[in-house]
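A short worksheet on the structure shown next.
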Amino acid sequence: MDKLGALRAFVQAAETRSFVEAGRQLGLSASAIGKAIARLEEGLAIRLFHRNTRGMALTEEGAAYLDRCRKILSDLDDAEAGLRAGATSPSGMLRVSLPIVGMLLMPAISSFMTAYPDIRLDIDFTERLVDVIEEGFDVVIRTGEGGDSRLMSRRIGGFRHAIVASPAYLARRGTPVLPADLTAHACLLHRYPNTGKFERWPIEIDGMAVDPPLAVRASASTIEPLVDMAEAGFGIACLPDFAVSRAVETGTLTTVLDRYVGTRGVFKALWPSSRHVAPKVRVFVDHMADNLFRQG
């Protein structure tokens with residue numbers, strides 16, 4: 001038995017307190033385990049175990065050596081698993097949960113599918129707080145902070161909000177120049193589907209949050225209808241900048257009160273905590289971080 005095999009024999013014997021059981025778990029005889037440990041003791045010039053007719057126990061030196069051996073074997077296992085994972089081509093089914101607004105993020109999803117044709121996507125669009133592990137998701141993308149210690153996370157993009165209206169609406173109703181002016185306007189609000197509450201508009205004056213009364217013209221539980229209603233001139237909306245960037249560029253929407261819009265939102269990828277991340281998960285998270293908000 002080589003030195004590495006002897007270390008494994010020692011760790012197994014220390015954990016089971018039995019040469020017989022250690023041999024059974026490693027597929028060796030109890031005699032082979034005993035001889036391997038004897039060679040270790042001879043080479044180290046220390047006793048690793050106290051042995052008597054009632055059983056065996058680690059010596060003080062043996063206990064210290066056990067901790068080091070566990071670390072060595074763990075590092076070796078990690079290195080081998082990492083190499084195997086890196087050599088494996090990403091493939092298979094990838095279950096992903098996206099917020100409803102994720103429909104606006106489909107260009108990044110589409111480019112991922114083009115880059116990794118061997119990965120089959122199963123996408124769930126929902127605003128509810130899914131249980132990543134219990135429901136069997138590989139990756140979840142959400143805004144805000146995650147608080148589940150069972151999950152790993154990575155920031156994959158940031159965004160701001162923009163208060164927007166169509167040029168026709170502003171020509172008809174006037175352009176607000178102060179947050180208080182919003183009380184005289186028709187407002188289009190996003191309503192959280194899981195609570196029914198309206199999303200607060202992140203308005204600030206000198207760094208302090210303010211909440212002017214908003215007259216609700218219409219509300220929706222998803223972002224896309226609010227973009228359409230704003231473009232059609234039905235009112236003013238406060239929406240993520242990536243959701244309205246194209247409309248602002250083409251002139252169908254105009255931003256207002258820019259200097260009063262505060263707080264920045266964050267998108268994060270969350271996945272089950274594991275020492276070795278599956279290749280399909282790793283490449284998906286990397287791709288989304290690189291491409292989700294490429295337009296800045």
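Chain labels follow the order of the structure tokens: the first chain is A, the next B, and so on; residue numbering restarts at 1 in every chain, and ligands are counted from 1 in their shown order.
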*For region 134-144 of chain A, work out the shell of residues within 7 Å, counting only C-alpha atoms and skipping chain neighbours fewer than 3 positions away, then give it as an NGL selection string.*
:A and (94-99 or 131 or 265-271 or 281)
Output file for the selection above: C-alpha atoms, as an mmCIF file, in the first residue's frame:
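Ended up saving to again.cif:
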```
data_model
loop_
_atom_site.group_PDB
_atom_site.id
_atom_site.type_symbol
_atom_site.label_atom_id
_atom_site.label_comp_id
_atom_site.auth_asym_id
_atom_site.auth_seq_id
_atom_site.Cartn_x
_atom_site.Cartn_y
_atom_site.Cartn_z
ATOM 1 C CA LEU A 94 -31.154 23.231 -16.389
ATOM 2 C CA ARG A 95 -34.145 24.357 -14.315
ATOM 3 C CA VAL A 96 -34.176 28.139 -13.935
ATOM 4 C CA SER A 97 -36.611 30.443 -12.145
ATOM 5 C CA LEU A 98 -36.843 34.049 -13.344
ATOM 6 C CA PRO A 99 -38.980 36.933 -12.110
ATOM 7 C CA ASP A 131 -37.672 27.206 -2.474
ATOM 8 C CA GLY A 265 -31.624 47.500 -7.818
ATOM 9 C CA VAL A 266 -29.529 44.349 -8.001
ATOM 10 C CA PHE A 267 -30.065 41.065 -9.801
ATOM 11 C CA LYS A 268 -28.520 38.000 -8.181
ATOM 12 C CA ALA A 269 -28.156 34.386 -9.231
ATOM 13 C CA LEU A 270 -28.787 31.877 -6.439
ATOM 14 C CA TRP A 271 -28.040 28.160 -6.532
ATOM 15 C CA VAL A 281 -24.782 25.939 -13.561
#
```
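The set of residues in region 194-283 of chain A assigned to helix (DSSP H, G or I) by DSSP, using only backbone atoms of this structure, is A:Ile223, A:Glu224, A:Pro225, A:Leu226, A:Val227, A:Asp228, A:Met229, A:Ala230, A:Glu231, A:Asp241, A:Phe242, A:Ala243, A:Val244, A:Ser245, A:Arg246, A:Ala247, A:Val248, A:Glu249, A:Thr250, A:Asp258, A:Arg259, A:Tyr260, A:Pro279, A:Lys280, A:Val281, A:Arg282, A:Val283.
With only C-alpha atoms as the basis for measurement, A:Ser18 is the residue among A:Thr263, A:Thr195, A:Ser18, A:Thr250 that approaches Arg54 (chain A) most closely.
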_Those of region 60-262 of chain A in DSSP strand (DSSP E), formatted as a ChimeraX atom specification_ = /A:92-98,119-125,139-143,151-165,186-190,204-205,208-209,215-220,236-240,254-256
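If you measure from each of A:Thr175, A:Ser91, A:Ser219, A:Ser110 to Pro279 (chain A) using only C-alpha atoms, the closest one turns out to be A:Ser91.
If you look at CA of Ala220 (chain A) and CA of Arg191 (chain A), they are 5.6 Å away from each other.
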With only C-alpha atoms as the counted atoms, please give the residues lying no more than 8 Å from Arg47 (chain A), apart from itself and same-chain residues fewer than 6 positions off, as a CSV table (one decimal) with all heavy atoms, in the first residue's frame.
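Generated output (result30.csv):
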```csv
chain,number,residue,atom,x,y,z
A,41,GLU,N,3.5,4.5,11.7
A,41,GLU,CA,4.0,4.7,13.0
A,41,GLU,C,5.5,4.6,13.0
A,41,GLU,O,6.2,5.4,13.6
A,41,GLU,CB,3.4,3.8,14.0
A,41,GLU,CG,1.9,4.1,14.3
A,41,GLU,CD,1.3,3.1,15.3
A,41,GLU,OE1,1.7,1.9,15.2
A,41,GLU,OE2,0.5,3.5,16.1
A,59,THR,N,-3.9,8.3,20.2
A,59,THR,CA,-3.0,9.0,21.1
A,59,THR,C,-3.2,10.5,20.8
A,59,THR,O,-3.9,10.9,19.8
A,59,THR,CB,-1.6,8.6,20.9
A,59,THR,OG1,-1.2,9.0,19.5
A,59,THR,CG2,-1.4,7.2,21.0
A,61,GLU,N,-0.9,12.5,19.8
A,61,GLU,CA,-0.2,12.8,18.5
A,61,GLU,C,-1.1,12.3,17.4
A,61,GLU,O,-1.2,12.9,16.3
A,61,GLU,CB,1.1,12.1,18.5
A,61,GLU,CG,2.1,12.7,19.5
A,61,GLU,CD,2.0,12.1,20.9
A,61,GLU,OE1,1.1,11.2,21.1
A,61,GLU,OE2,2.7,12.5,21.8
A,62,GLY,N,-1.8,11.1,17.6
A,62,GLY,CA,-2.6,10.5,16.6
A,62,GLY,C,-3.8,11.4,16.2
A,62,GLY,O,-4.2,11.6,15.0
```
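Of the listed residues A:Ala165, A:Ala115, A:Ala278, A:Ile205, the one whose atoms come nearest to Met93 (chain A) is A:Ala278, with distances taken using only C-alpha atoms.
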*Can you tell me, as a VMD selection string, what residues are no more than 7 Å from Gly92 (chain A) when counting only C-alpha atoms, ignoring any on the same chain fewer than 2 positions away?*
chain A and resid 94 118 to 120
If you keep N, CA and C atoms, can you produce a file of those selected residues as an mmCIF file, in the first residue's frame?
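Writing the result to selection_28.cif gives the following:
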```
data_model
loop_
_atom_site.group_PDB
_atom_site.id
_atom_site.type_symbol
_atom_site.label_atom_id
_atom_site.label_comp_id
_atom_site.auth_asym_id
_atom_site.auth_seq_id
_atom_site.Cartn_x
_atom_site.Cartn_y
_atom_site.Cartn_z
ATOM 1 N N LEU A 94 -31.439 22.172 -17.347
ATOM 2 C CA LEU A 94 -31.154 23.231 -16.389
ATOM 3 C C LEU A 94 -32.469 23.916 -16.038
ATOM 4 N N ASP A 118 -26.160 22.027 -25.950
ATOM 5 C CA ASP A 118 -26.375 20.746 -25.263
ATOM 6 C C ASP A 118 -27.102 20.908 -23.925
ATOM 7 N N ILE A 119 -27.365 22.152 -23.526
ATOM 8 C CA ILE A 119 -28.110 22.396 -22.292
ATOM 9 C C ILE A 119 -29.564 22.692 -22.636
ATOM 10 N N ARG A 120 -30.474 21.941 -22.021
ATOM 11 C CA ARG A 120 -31.910 22.131 -22.241
ATOM 12 C C ARG A 120 -32.466 22.966 -21.086
#
```
*asked:* Taking 3 positions as the minimum chain separation for residues in the same chain, which residues sit within 8 Å of Ala9 (chain A) when counting only C-alpha atoms? Answer as a list in words.
replied: Gly5, Ala6, Gln12, Ala13, Ala22, Gly23, Leu26, Ile33, Ala36 and Ile37 of chain A
*asked:* To one decimal place in Å, what is the distance between CA of Arg282 (chain A) and CA of Leu121 (chain A)?
replied: 14.2 Å
